[in-house]
>>> print(open('protein.txt').read())   # compact mmCIF, C-alpha atoms and all ligand atoms
# COMPACT_ATOMS: atom_id res chain seq x y z
CA MET A 1 10.24 40.35 -22.10
CA THR A 2 8.39 37.17 -22.82
CA GLN A 3 8.23 34.59 -20.11
CA ALA A 4 9.76 31.22 -20.65
CA PRO A 5 7.06 28.61 -21.25
CA LYS A 6 6.07 26.78 -18.12
CA LYS A 7 7.41 23.30 -18.18
CA SER A 8 7.18 20.84 -15.36
CA VAL A 9 10.63 19.43 -14.97
CA VAL A 10 10.92 17.15 -12.02
CA ASP A 11 14.27 16.24 -10.58
CA ALA A 12 13.55 12.61 -9.77
CA SER A 13 16.58 12.40 -7.48
CA LYS A 14 14.96 14.89 -5.07
CA SER A 15 11.44 13.50 -5.30
CA ILE A 16 11.82 11.15 -2.33
CA LEU A 17 13.61 12.64 0.65
CA LYS A 18 14.55 9.68 2.82
CA PRO A 19 17.66 7.64 1.99
CA LEU A 20 17.05 4.64 -0.28
CA PRO A 21 19.97 2.28 0.33
CA PRO A 22 20.16 -0.17 -2.60
CA GLY A 23 20.21 -3.09 -0.17
CA TRP A 24 16.75 -2.10 1.08
CA PHE A 25 15.02 -0.66 -1.96
CA VAL A 26 14.51 -1.11 -5.66
CA ASP A 27 14.45 2.44 -6.99
CA HIS A 28 11.86 2.47 -9.77
CA ARG A 29 12.16 6.18 -10.42
CA GLU A 30 14.40 6.37 -13.48
CA VAL A 31 12.52 3.77 -15.47
CA ASP A 32 9.14 5.16 -14.52
CA ALA A 33 10.04 8.82 -15.02
CA ALA A 34 11.07 8.02 -18.59
CA ALA A 35 7.82 6.20 -19.27
CA GLY A 36 5.48 8.39 -17.23
CA GLU A 37 3.16 10.98 -18.66
CA GLU A 38 3.93 14.56 -17.86
CA ASN A 39 2.51 15.59 -14.53
CA ASP A 40 1.74 12.01 -13.57
CA LEU A 41 5.12 10.74 -12.56
CA ALA A 42 5.65 7.52 -10.76
CA LEU A 43 8.33 8.18 -8.21
CA ASN A 44 8.52 4.88 -6.46
CA ALA A 45 10.83 2.98 -4.13
CA GLU A 46 10.07 -0.69 -3.53
CA MET A 47 11.03 -2.46 -0.32
CA ARG A 48 13.27 -5.49 -0.81
CA TRP A 49 11.74 -8.51 0.90
CA GLU A 50 15.13 -9.90 1.89
CA ALA A 51 15.51 -6.81 4.09
CA MET A 52 12.39 -7.87 6.06
CA ALA A 53 14.24 -10.99 7.23
CA GLU A 54 16.14 -8.81 9.67
CA VAL A 55 13.19 -7.06 11.29
CA GLY A 56 10.26 -7.83 13.58
CA TYR A 57 6.54 -7.64 12.96
CA LEU A 58 6.41 -3.98 11.91
CA THR A 59 8.06 -2.47 8.86
CA PRO A 60 10.47 0.21 10.11
CA ASN A 61 9.78 3.70 8.76
CA GLU A 62 13.14 3.77 6.96
CA LEU A 63 12.27 0.55 5.11
CA PHE A 64 8.67 1.39 4.21
CA PHE A 65 7.98 1.60 0.45
CA VAL A 66 7.24 5.00 -1.11
CA ARG A 67 4.77 5.59 -3.90
CA ASN A 68 4.57 9.20 -5.05
CA HIS A 69 2.73 10.66 -8.02
CA ALA A 70 4.56 13.96 -7.51
CA PRO A 71 7.64 14.84 -5.46
CA THR A 72 7.39 14.77 -1.67
CA PRO A 73 6.40 18.31 -0.64
CA HIS A 74 7.84 20.26 2.27
CA ILE A 75 4.89 21.22 4.47
CA ASP A 76 5.19 23.28 7.60
CA ALA A 77 3.01 21.82 10.37
CA SER A 78 2.45 25.25 11.95
CA SER A 79 0.81 26.71 8.84
CA TRP A 80 -0.92 23.47 7.78
CA ARG A 81 -4.73 23.50 7.82
CA LEU A 82 -7.36 20.88 7.18
CA HIS A 83 -10.58 22.15 5.62
CA VAL A 84 -13.74 20.08 5.88
CA ASN A 85 -16.70 21.37 3.90
CA GLY A 86 -19.35 20.59 1.31
CA PRO A 87 -23.12 19.96 1.29
CA GLY A 88 -22.76 16.81 3.42
CA VAL A 89 -21.72 18.76 6.54
CA ARG A 90 -23.45 21.58 8.42
CA GLU A 91 -20.31 23.63 9.09
CA ASN A 92 -17.13 24.60 7.31
CA LEU A 93 -14.55 23.23 9.69
CA GLU A 94 -10.93 24.35 9.77
CA LEU A 95 -8.48 22.44 11.95
CA ASP A 96 -4.79 22.99 12.52
CA TYR A 97 -2.13 20.52 13.59
CA ASP A 98 -2.52 21.38 17.29
CA ASP A 99 -6.29 20.83 17.06
CA LEU A 100 -5.63 17.30 15.83
CA LEU A 101 -2.97 16.74 18.50
CA ARG A 102 -5.55 17.65 21.13
CA MET A 103 -8.30 15.37 19.82
CA GLU A 104 -8.82 11.73 20.82
CA HIS A 105 -6.19 9.46 19.29
CA VAL A 106 -6.44 5.85 18.21
CA THR A 107 -3.51 3.52 17.48
CA VAL A 108 -3.85 0.54 15.12
CA VAL A 109 -1.47 -1.86 13.41
CA ARG A 110 -2.46 -2.22 9.76
CA ALA A 111 -0.97 -2.96 6.36
CA LEU A 112 -0.71 -0.32 3.67
CA GLU A 113 -0.36 -1.83 0.22
CA CYS A 114 -0.37 -0.41 -3.30
CA ALA A 115 -3.10 -1.64 -5.65
CA GLY A 116 -0.35 -2.49 -8.14
CA ASN A 117 1.74 -4.58 -5.76
CA GLY A 118 2.74 -7.76 -7.64
CA ARG A 119 2.06 -6.20 -11.05
CA VAL A 120 5.22 -7.65 -12.62
CA PHE A 121 3.66 -11.12 -12.25
CA PHE A 122 0.85 -10.35 -14.68
CA GLY A 123 3.62 -10.40 -17.26
CA GLU A 124 5.96 -12.97 -15.73
CA GLN A 125 3.38 -15.51 -14.60
CA GLU A 126 0.26 -14.79 -16.65
CA GLY A 127 1.72 -13.58 -19.93
CA CYS A 128 -0.35 -10.40 -19.93
CA GLU A 129 2.04 -7.61 -19.05
CA ALA A 130 0.43 -4.53 -17.54
CA PRO A 131 1.85 -1.00 -17.88
CA GLY A 132 3.02 0.95 -14.84
CA THR A 133 5.57 0.35 -12.12
CA GLN A 134 6.70 -3.26 -12.28
CA TRP A 135 6.40 -3.92 -8.57
CA ARG A 136 7.31 -7.35 -7.29
CA LEU A 137 5.86 -7.75 -3.81
CA GLY A 138 7.56 -4.90 -2.00
CA ALA A 139 4.82 -2.27 -2.27
CA ILE A 140 3.50 -3.19 1.16
CA GLY A 141 4.37 -2.42 4.74
CA VAL A 142 2.77 -2.89 8.14
CA ALA A 143 3.01 -0.02 10.61
CA GLU A 144 1.47 1.18 13.84
CA TRP A 145 -0.59 4.21 12.88
CA THR A 146 -1.70 6.82 15.40
CA GLY A 147 -4.21 9.50 14.63
CA VAL A 148 -7.71 10.87 14.91
CA PRO A 149 -10.57 8.77 13.53
CA LEU A 150 -11.75 10.49 10.35
CA GLY A 151 -15.32 9.87 11.52
CA LEU A 152 -14.74 12.09 14.59
CA VAL A 153 -13.65 14.99 12.41
CA LEU A 154 -16.66 14.49 10.14
CA GLU A 155 -18.94 14.49 13.21
CA ARG A 156 -17.33 17.69 14.42
CA ALA A 157 -18.20 19.32 11.09
CA GLY A 158 -21.82 18.26 11.62
CA LEU A 159 -22.06 15.29 9.29
CA LYS A 160 -25.58 15.13 7.80
CA LYS A 161 -27.61 11.93 7.45
CA SER A 162 -27.72 12.69 3.74
CA ALA A 163 -23.91 12.68 3.44
CA ARG A 164 -22.75 10.12 0.91
CA GLU A 165 -19.09 10.44 -0.05
CA VAL A 166 -15.96 12.28 1.00
CA MET A 167 -13.35 13.59 -1.43
CA LEU A 168 -9.87 13.42 0.07
CA GLU A 169 -7.70 16.11 -1.49
CA SER A 170 -3.93 16.38 -1.14
CA LEU A 171 -1.62 19.39 -0.96
CA ASP A 172 1.26 18.09 -3.09
CA ASP A 173 1.66 19.05 -6.76
CA MET A 174 -0.46 16.09 -7.81
CA LYS A 175 -3.51 17.52 -6.02
CA MET A 176 -4.79 14.00 -5.64
CA ARG A 177 -8.55 13.69 -5.27
CA ARG A 178 -9.83 10.31 -4.20
CA PRO A 179 -13.46 9.76 -3.17
CA LEU A 180 -14.50 7.39 -0.39
CA PRO A 181 -18.01 6.34 0.71
CA VAL A 182 -19.00 7.91 4.04
CA GLU A 183 -19.43 4.45 5.60
CA LYS A 184 -15.79 3.58 4.84
CA ALA A 185 -14.62 7.00 6.03
CA ARG A 186 -16.41 6.38 9.36
CA GLU A 187 -14.97 2.94 10.08
CA GLU A 188 -13.23 3.06 13.46
CA ASP A 189 -9.75 2.46 12.03
CA THR A 190 -9.95 4.92 9.14
CA LEU A 191 -7.63 7.57 10.53
CA LEU A 192 -6.17 10.99 9.99
CA VAL A 193 -2.69 9.80 10.88
CA LEU A 194 -0.06 11.91 12.61
CA ALA A 195 2.39 9.23 13.71
CA MET A 196 3.82 6.08 12.17
CA ASN A 197 5.51 3.54 14.44
CA GLY A 198 5.51 6.08 17.26
CA GLU A 199 7.21 8.88 15.35
CA PRO A 200 5.76 11.86 13.51
CA LEU A 201 5.18 10.91 9.87
CA LEU A 202 8.20 11.24 7.61
CA PRO A 203 7.67 13.80 4.81
CA ASP A 204 7.64 10.95 2.24
CA HIS A 205 4.78 9.24 4.09
CA GLY A 206 2.54 12.30 4.31
CA PHE A 207 3.77 14.73 6.96
CA PRO A 208 2.08 16.46 8.68
CA VAL A 209 -1.12 14.42 8.23
CA ARG A 210 -2.21 11.59 5.94
CA VAL A 211 -5.28 9.41 5.74
CA VAL A 212 -4.93 5.65 6.31
CA VAL A 213 -7.79 3.55 4.99
CA PRO A 214 -7.13 -0.02 6.16
CA ARG A 215 -7.95 -3.03 3.97
CA TRP A 216 -8.33 -0.90 0.85
CA ALA A 217 -5.67 -0.37 -1.79
CA ALA A 218 -3.39 2.39 -0.50
CA VAL A 219 -4.41 4.87 -3.22
CA ALA A 220 -7.27 5.79 -0.86
CA SER A 221 -4.76 6.58 1.89
CA VAL A 222 -4.12 10.13 0.71
CA LYS A 223 -0.87 11.68 1.94
CA TRP A 224 -0.46 15.40 2.72
CA ILE A 225 -4.21 15.77 3.19
CA GLY A 226 -5.48 19.36 2.98
CA ARG A 227 -9.19 19.27 2.27
CA ILE A 228 -12.10 16.91 2.75
CA HIS A 229 -15.20 17.68 0.72
CA VAL A 230 -18.36 15.90 1.87
CA SER A 231 -21.07 15.36 -0.74
CA GLU A 232 -24.67 14.23 -0.83
CA GLY A 233 -24.21 12.47 -4.14
CA PRO A 234 -21.62 10.29 -5.86
CA LEU A 235 -18.20 11.84 -6.46
CA PHE A 236 -15.88 11.31 -9.37
CA SER A 237 -12.27 12.12 -10.07
CA PRO A 238 -9.69 10.52 -12.36
CA TRP A 239 -8.66 8.49 -9.29
CA ASN A 240 -11.84 6.44 -9.27
CA THR A 241 -12.83 6.64 -12.93
CA GLU A 242 -9.59 6.20 -14.92
CA LYS A 243 -6.48 5.55 -12.89
CA TYR A 244 -7.30 3.04 -10.17
CA VAL A 245 -10.03 1.02 -11.83
CA MET A 246 -10.48 -2.63 -12.68
CA MET A 247 -11.19 -2.68 -16.41
CA GLY A 248 -10.29 -4.57 -19.56
CA GLY A 249 -9.15 -8.19 -19.61
CA ASP A 250 -11.55 -10.33 -17.59
CA PHE A 251 -13.47 -7.18 -16.64
CA GLY A 252 -14.41 -6.42 -20.26
CA GLU A 253 -16.41 -3.22 -20.47
CA LYS A 254 -16.79 -2.98 -16.69
CA ARG A 255 -15.04 -0.19 -14.80
CA GLU A 256 -14.90 -0.71 -11.07
CA PRO A 257 -12.83 1.46 -8.76
CA VAL A 258 -10.21 -0.55 -6.86
CA THR A 259 -11.31 -0.84 -3.24
CA GLU A 260 -10.50 -3.90 -1.10
CA GLN A 261 -7.13 -5.61 -1.28
CA VAL A 262 -6.55 -9.34 -1.91
CA VAL A 263 -4.72 -12.24 -0.19
CA LYS A 264 -0.97 -12.45 -0.81
CA SER A 265 2.21 -14.09 0.50
CA ALA A 266 5.89 -13.25 0.23
CA LEU A 267 9.10 -15.00 1.20
CA GLU A 268 11.69 -12.95 3.07
CA LEU A 269 14.16 -13.71 0.30
CA ALA A 270 15.61 -11.91 -2.70
CA TRP A 271 14.06 -12.59 -6.10
CA PRO A 272 15.68 -14.80 -7.31
CA ALA A 273 17.12 -16.04 -4.01
CA ARG A 274 20.54 -17.61 -3.48
CA ILE A 275 20.96 -19.64 -0.32
CA PRO A 276 23.60 -22.06 0.94
CA ARG A 277 22.92 -25.82 1.00
CA GLY A 278 21.79 -27.60 4.16
CA ARG A 279 18.81 -27.37 6.49
CA ARG A 280 17.32 -23.87 6.25
CA GLU A 281 14.50 -22.04 7.97
CA ILE A 282 12.50 -20.29 5.30
CA ARG A 283 10.47 -17.33 6.51
CA GLY A 284 7.80 -15.15 5.04
CA ARG A 285 4.56 -13.26 5.62
CA SER A 286 0.97 -13.52 4.37
CA TRP A 287 -1.84 -11.01 4.52
CA SER A 288 -5.52 -10.53 3.75
CA PRO A 289 -7.91 -7.60 4.00
CA HIS A 290 -10.64 -9.91 5.32
CA GLY A 291 -9.12 -11.00 8.62
CA SER A 292 -6.29 -12.91 10.21
CA ILE A 293 -4.40 -15.67 8.36
CA SER A 294 -5.57 -19.17 9.26
CA GLN A 295 -3.24 -21.32 7.19
CA VAL A 296 -0.13 -21.05 5.03
CA GLU A 297 1.04 -23.93 2.85
CA TYR A 298 4.23 -24.34 0.84
CA SER A 299 5.39 -26.64 -1.91
CA VAL A 300 8.94 -27.16 -3.15
CA ASP A 301 9.54 -28.06 -6.82
CA GLY A 302 5.94 -29.10 -7.37
CA GLY A 303 5.94 -31.49 -4.40
CA PRO A 304 3.12 -31.94 -1.87
CA TRP A 305 1.63 -28.94 -0.06
CA ARG A 306 2.73 -28.81 3.57
CA ARG A 307 1.83 -26.46 6.38
CA ALA A 308 4.14 -23.67 7.43
CA ARG A 309 4.16 -22.74 11.13
CA LEU A 310 2.29 -19.49 11.80
CA LEU A 311 3.79 -17.05 14.29
CA GLU A 312 2.07 -14.51 16.50
CA PRO A 313 0.89 -11.80 16.26
CA ASN A 314 -1.62 -12.39 13.48
CA ILE A 315 -3.46 -9.08 13.41
CA PRO A 316 -6.46 -8.80 11.06
CA GLY A 317 -5.73 -6.24 8.36
CA ALA A 318 -1.98 -6.48 8.98
CA TRP A 319 -0.05 -9.73 8.31
CA ALA A 320 1.16 -13.00 9.82
CA ARG A 321 4.73 -14.26 9.76
CA TRP A 322 5.45 -17.96 9.18
CA VAL A 323 8.36 -20.33 8.93
CA PHE A 324 9.16 -23.79 7.59
CA ALA A 325 12.28 -25.95 7.51
CA TRP A 326 13.75 -27.10 4.19
CA ASP A 327 16.63 -29.51 3.63
CA THR A 328 18.05 -27.85 0.56
CA ARG A 329 20.07 -29.55 -2.14
CA PRO A 330 22.26 -27.68 -4.63
CA GLY A 331 20.53 -26.57 -7.80
CA GLU A 332 17.63 -24.46 -9.00
CA HIS A 333 14.37 -24.76 -7.11
CA VAL A 334 10.94 -23.19 -7.06
CA VAL A 335 9.14 -22.51 -3.80
CA ARG A 336 5.41 -21.88 -3.89
CA VAL A 337 3.35 -20.54 -1.00
CA LYS A 338 -0.39 -20.04 -0.57
CA ALA A 339 -2.30 -18.48 2.29
CA THR A 340 -5.89 -18.82 3.46
CA ASP A 341 -7.55 -16.30 5.76
CA GLU A 342 -10.00 -16.91 8.59
CA ARG A 343 -12.94 -16.48 6.24
CA GLY A 344 -11.66 -19.00 3.70
CA ASN A 345 -10.34 -16.54 1.14
CA CYS A 346 -7.19 -17.88 -0.44
CA GLN A 347 -4.68 -17.43 -3.21
CA HIS A 348 -5.34 -19.09 -6.57
CA GLU A 349 -3.27 -20.34 -9.48
CA THR A 350 -4.48 -17.56 -11.73
CA VAL A 351 -5.98 -14.14 -11.14
CA PRO A 352 -8.50 -11.96 -12.97
CA HIS A 353 -6.69 -10.06 -15.72
CA ASN A 354 -7.16 -6.33 -15.88
CA GLU A 355 -5.60 -3.70 -18.09
CA LEU A 356 -3.83 -1.71 -15.38
CA GLY A 357 -2.48 -4.72 -13.49
CA TYR A 358 -4.12 -4.39 -10.08
CA LEU A 359 -4.84 -6.84 -7.25
CA TYR A 360 -2.47 -9.67 -8.16
CA SER A 361 -3.02 -12.48 -5.67
CA GLY A 362 -1.78 -15.53 -7.58
CA ILE A 363 0.37 -18.32 -6.14
CA LEU A 364 3.92 -17.42 -7.14
CA GLY A 365 6.84 -19.63 -8.04
CA HIS A 366 9.77 -18.09 -6.19
CA PRO A 367 13.08 -19.08 -7.81
CA VAL A 368 15.69 -20.24 -5.26
CA TRP A 369 19.24 -21.23 -6.22
CA VAL A 370 20.94 -23.40 -3.67
CA HIS A 371 24.74 -23.44 -3.84
N1 LIG A 401 -1.00 12.90 -1.90
C1 LIG A 401 -0.72 11.68 -2.31
N2 LIG A 401 -1.20 10.62 -1.60
C2 LIG A 401 -0.92 9.36 -1.98
C3 LIG A 401 -0.17 9.12 -3.15
C4 LIG A 401 0.33 10.24 -3.86
O1 LIG A 401 1.05 10.11 -4.86
N3 LIG A 401 0.04 11.50 -3.41
N4 LIG A 401 0.04 7.82 -3.56
C5 LIG A 401 -0.94 6.85 -3.09
C6 LIG A 401 -0.57 5.49 -3.40
S1 LIG A 401 -0.94 4.96 -4.97
C7 LIG A 401 0.00 4.67 -2.48
S2 LIG A 401 0.37 3.06 -2.84
C8 LIG A 401 0.31 5.15 -1.11
C9 LIG A 401 1.76 4.94 -0.75
O2 LIG A 401 2.03 5.37 0.55
P1 LIG A 401 3.52 5.47 1.07
O3 LIG A 401 4.32 6.22 0.06
O4 LIG A 401 3.45 6.14 2.39
O5 LIG A 401 4.03 4.06 1.20
O6 LIG A 401 0.01 6.53 -0.94
C10 LIG A 401 -1.16 6.97 -1.60
N5 LIG A 401 -1.40 8.34 -1.25
MO MO A 402 -0.57 2.74 -5.04
>>> encode(input="protein.txt", output="structure tokens", more="lines below")
Ligand SMILES: Nc1nc2c(c(=O)[nH]1)N[C@H]1C(S)=C(S)[C@@H](COP(=O)(O)O)O[C@H]1N2
Ligand SMILES: [Mo]
Amino acid sequence: MTQAPKKSVVDASKSILKPLPPGWFVDHREVDAAAGEENDLALNAEMRWEAMAEVGYLTPNELFFVRNHAPTPHIDASSWRLHVNGPGVRENLELDYDDLLRMEHVTVVRALECAGNGRVFFGEQEGCEAPGTQWRLGAIGVAEWTGVPLGLVLERAGLKKSAREVMLESLDDMKMRRPLPVEKAREEDTLLVLAMNGEPLLPDHGFPVRVVVPRWAAVASVKWIGRIHVSEGPLFSPWNTEKYVMMGGDFGEKREPVTEQVVKSALELAWPARIPRGRREIRGRSWSPHGSISQVEYSVDGGPWRRARLLEPNIPGAWARWVFAWDTRPGEHVVRVKATDERGNCQHETVPHNELGYLYSGILGHPVWVH
């Protein structure tokens, strides 16, 4: 008997396991699955910013966005292994889940944000639509991550002075391979994460173990990590040569892998928002990879820029919440917000165009209908 040809048919409805209530998420899966290339599906759930109005500083695990290139795998922690090898280390190291549980743990609060967060605005605000998931601003979350510093594991494998890059390889069907310079891998808050907001990782967020690489676009934060290859020379994979690169548009012939994130702000309101008339407290959050937020300004309907009040905490590499009062009148309005970080990096009117629509940090006009 001849075998049926192998065809990868993905049931998008089972690709993300946690519930995605429509009040919390925009489910991008159907649109993206239809447009996606075979084997490179975009199975994405975007957090709705209006849902953040109800919660504190951290994004709850249930509300955290999901960006999957292949369905969430079921991985058994007891048979899971992490392999560390390659010419950049002296030993082939194999660790299991209990080994990691026994090692020194670090807990940090950091943002995790997709490189394509805000992509829809390349089209809507800049008139240069970029292909891919049309994220608004909900491909970000801030969580408390607990895990073992990746640098410790590299040391344990006998990291050589000549080591140059690490290839992070995942266990899901995508078999993601994303290289990282050794210096970034050894930063004290680059972690092999076991827990998110005090709970073991959810399967959708990388159970049993994922990497979290703060300040860099989240594509480097490989979920379901299985192998780390350490090289003595530069490493290449589609993930730093084709897929997550700044190219085209203002980058011309250049091709630079996406690394550090950019400054952004979001209102804790629906897009477009509908709010009742009267005096309102408008809330939102701003973030930067370069440090804490030093100033947030807002402008209503093209009026003067005024300062919003910043709230604590204001953790570098996470975000700051802010609030301002607005005496609203019925009608259609546009609210603009811009943030500046402690090093003077800020949001601008326009952003560098690039073919794949990454790192949007422009000042947005948020439509608000007052009734
Ligand atoms: N193994 C694996 N890791 C991955 C991905 C993936 O598809 N597979 N997506 C990456 C991208 S592009 C993003 S934005 C983040 C999303 O993390 P989250 O789903 O936990 O929010 O995971 C990154 N790590
Ligand atoms: Mo991403």
>>> atom_distance(input="protein.txt", atom1="atom CA of Arg329 of chain A", atom2="atom CA of Gly118 of chain A")
28.4 Å
>>> residues_near_ligand(input="protein.txt", ligand="ligand LIG 401 (chain A)", cutoff="7 Å", atoms="all atoms listed in the file", output="list in words")
Phe64, Phe65, Val66, Arg67, Asn68, His69, Ala70, Leu112, Glu113, Cys114, Ala115, Ala139, Ser170, Leu171, Asp172, Met174, Lys175, Met176, Asp204, His205, Gly206, Ala218, Val219, Ala220, Ser221, Val222, Lys223, Trp224 and Ile225 of chain A
>>> closest_residue(input="protein.txt", among="A:Asp189, A:Glu124, A:Asp99, A:Glu349", to="Ser361 of chain A", atoms="all atoms listed in the file")
A:Glu349
>>> closest_atom_pairs(input="protein.txt", of="segment 136-176 of chain A", to="segment 86-94 of chain A", cutoff="6 Å", atoms="all atoms listed in the file", output="Markdown table")
| residue | atom | partner | partner_atom | distance |
| --- | --- | --- | --- | --- |
| A:Ala157 | CA | A:Glu91 | CA | 5.2 |
| A:Gly158 | CA | A:Arg90 | CA | 4.9 |
| A:Leu159 | CA | A:Val89 | CA | 4.4 |
| A:Lys160 | CA | A:Val89 | CA | 5.4 |
| A:Ala163 | CA | A:Gly88 | CA | 4.3 |
>>> write_last_selection(input="protein.txt", atoms="C-alpha atoms", output="compact mmCIF listing (two decimals), keeping the file's coordinate frame")
# COMPACT_ATOMS: atom_id res chain seq x y z
CA ALA A 157 -18.20 19.32 11.09
CA GLY A 158 -21.82 18.26 11.62
CA LEU A 159 -22.06 15.29 9.29
CA LYS A 160 -25.58 15.13 7.80
CA ALA A 163 -23.91 12.68 3.44
>>> atom_distance(input="protein.txt", atom1="atom CA of Ala53 of chain A", atom2="atom CA of Leu191 of chain A")
28.9 Å
>>> closest_atom_pairs(input="protein.txt", of="segment 311-347 of chain A", to="segment 286-304 of chain A", cutoff="7 Å", atoms="only C-alpha atoms", output="CSV")
residue,atom,partner,partner_atom,distance
A:Asn314,CA,A:Ser292,CA,5.7
A:Ile315,CA,A:Ser292,CA,5.7
A:Pro316,CA,A:Ser292,CA,4.2
A:Gly317,CA,A:Pro289,CA,5.1
A:Ala318,CA,A:Trp287,CA,6.4
A:Trp319,CA,A:Trp287,CA,4.4
A:Ala320,CA,A:Ser286,CA,5.5
A:Arg321,CA,A:Ser286,CA,6.6
A:His333,CA,A:Asp301,CA,5.9
A:Val334,CA,A:Asp301,CA,5.1
A:Val335,CA,A:Val300,CA,4.7
A:Arg336,CA,A:Ser299,CA,5.2
A:Val337,CA,A:Tyr298,CA,4.3
A:Lys338,CA,A:Glu297,CA,5.4
A:Ala339,CA,A:Val296,CA,4.3
A:Thr340,CA,A:Gln295,CA,5.2
A:Asp341,CA,A:Ile293,CA,4.1
A:Glu342,CA,A:Ser294,CA,5.0
>>> axis_aligned_box(input="protein.txt", around="segment 56-67 of chain A", padding_each_side="8 Å", output="AutoDock Vina command-line options")
--center_x 9.0 --center_y -1.1 --center_z 4.8 --size_x 24.4 --size_y 29.4 --size_z 33.5
>>> closest_residue(input="protein.txt", among="A:Pro60, A:Gly362, A:Gly151, A:Gly116", to="ligand MO 402 (chain A)", atoms="only C-alpha atoms and all ligand atoms")
A:Gly116
>>> closest_residue(input="protein.txt", among="A:Pro131, A:Gly123, A:Pro234, A:Gly147", to="Met167 of chain A", atoms="only C-alpha atoms")
A:Pro234
>>> closest_residue(input="protein.txt", among="A:Leu311, A:Val193, A:Ile140, A:Met52", to="Thr107 of chain A", atoms="only C-alpha atoms")
A:Val193
>>> closest_residue(input="protein.txt", among="A:Arg215, A:Arg186, A:Arg210, A:His83", to="Val109 of chain A", atoms="all atoms listed in the file")
A:Arg215
>>> closest_residue(input="protein.txt", among="A:Arg177, A:Arg81, A:His229, A:Lys243", to="ligand MO 402 (chain A)", atoms="all atoms listed in the file")
A:Lys243
>>> atom_distance(input="protein.txt", atom1="atom CA of Leu137 of chain A", atom2="atom CA of Arg285 of chain A")
11.0 Å
>>> residues_around(input="protein.txt", residues="segment 277-281 of chain A", least_positions_apart="4", cutoff="12 Å", atoms="only C-alpha atoms", output="list in words")
Ala53, Leu267, Glu268, Leu269, Ala308, Arg309, Trp322, Val323, Phe324, Ala325, Trp326, Asp327, Thr328, Arg329, Pro330, Gly331, Glu332, His333, Val368, Trp369, Val370 and His371 of chain A
>>> write_last_selection(input="protein.txt", atoms="C-alpha atoms", output="mmCIF file, in the coordinates of the input")
data_model
loop_
_atom_site.group_PDB
_atom_site.id
_atom_site.type_symbol
_atom_site.label_atom_id
_atom_site.label_comp_id
_atom_site.auth_asym_id
_atom_site.auth_seq_id
_atom_site.Cartn_x
_atom_site.Cartn_y
_atom_site.Cartn_z
ATOM 1 C CA ALA A 53 14.240 -10.990 7.230
ATOM 2 C CA LEU A 267 9.100 -15.000 1.200
ATOM 3 C CA GLU A 268 11.690 -12.950 3.070
ATOM 4 C CA LEU A 269 14.160 -13.710 0.300
ATOM 5 C CA ALA A 308 4.140 -23.670 7.430
ATOM 6 C CA ARG A 309 4.160 -22.740 11.130
ATOM 7 C CA TRP A 322 5.450 -17.960 9.180
ATOM 8 C CA VAL A 323 8.360 -20.330 8.930
ATOM 9 C CA PHE A 324 9.160 -23.790 7.590
ATOM 10 C CA ALA A 325 12.280 -25.950 7.510
ATOM 11 C CA TRP A 326 13.750 -27.100 4.190
ATOM 12 C CA ASP A 327 16.630 -29.510 3.630
ATOM 13 C CA THR A 328 18.050 -27.850 0.560
ATOM 14 C CA ARG A 329 20.070 -29.550 -2.140
ATOM 15 C CA PRO A 330 22.260 -27.680 -4.630
ATOM 16 C CA GLY A 331 20.530 -26.570 -7.800
ATOM 17 C CA GLU A 332 17.630 -24.460 -9.000
ATOM 18 C CA HIS A 333 14.370 -24.760 -7.110
ATOM 19 C CA VAL A 368 15.690 -20.240 -5.260
ATOM 20 C CA TRP A 369 19.240 -21.230 -6.220
ATOM 21 C CA VAL A 370 20.940 -23.400 -3.670
ATOM 22 C CA HIS A 371 24.740 -23.440 -3.840
#
>>> residues_around(input="protein.txt", residues="Glu242 of chain A", least_positions_apart="6", cutoff="10 Å", atoms="all atoms listed in the file", output="PDB file with C-alpha atoms, in the coordinates of the input")
ATOM      1  CA  PHE A 236     -15.880  11.310  -9.370  1.00  0.00           C
ATOM      2  CA  ARG A 255     -15.040  -0.190 -14.800  1.00  0.00           C
ATOM      3  CA  GLU A 256     -14.900  -0.710 -11.070  1.00  0.00           C
ATOM      4  CA  PRO A 257     -12.830   1.460  -8.760  1.00  0.00           C
ATOM      5  CA  LEU A 356      -3.830  -1.710 -15.380  1.00  0.00           C
TER       6      LEU A 356
END
>>> residues_around(input="protein.txt", residues="His353 of chain A", least_positions_apart="4", cutoff="8 Å", atoms="all atoms listed in the file", output="list in words")
Phe122, Cys128, Gly248, Gly249, Asp250, Phe251 and Gly357 of chain A
>>> decode(input="protein.txt", residues="segment 344-348 of chain A", atoms="N, CA and C atoms", output="tab-separated table (two decimals), in the first residue's frame")
chain	number	residue	atom	x	y	z
A	344	GLY	N	16.89	59.74	27.64
A	344	GLY	CA	16.50	60.72	26.62
A	344	GLY	C	15.97	60.12	25.34
A	345	ASN	N	15.85	58.81	25.28
A	345	ASN	CA	15.21	58.21	24.10
A	345	ASN	C	13.73	58.48	24.15
A	346	CYS	N	13.14	58.82	23.00
A	346	CYS	CA	11.72	59.14	23.03
A	346	CYS	C	11.02	58.63	21.78
A	347	GLN	N	9.72	58.81	21.76
A	347	GLN	CA	8.94	58.44	20.58
A	347	GLN	C	8.91	59.60	19.60
A	348	HIS	N	8.87	59.29	18.30
A	348	HIS	CA	8.90	60.33	17.28
A	348	HIS	C	7.64	60.27	16.43
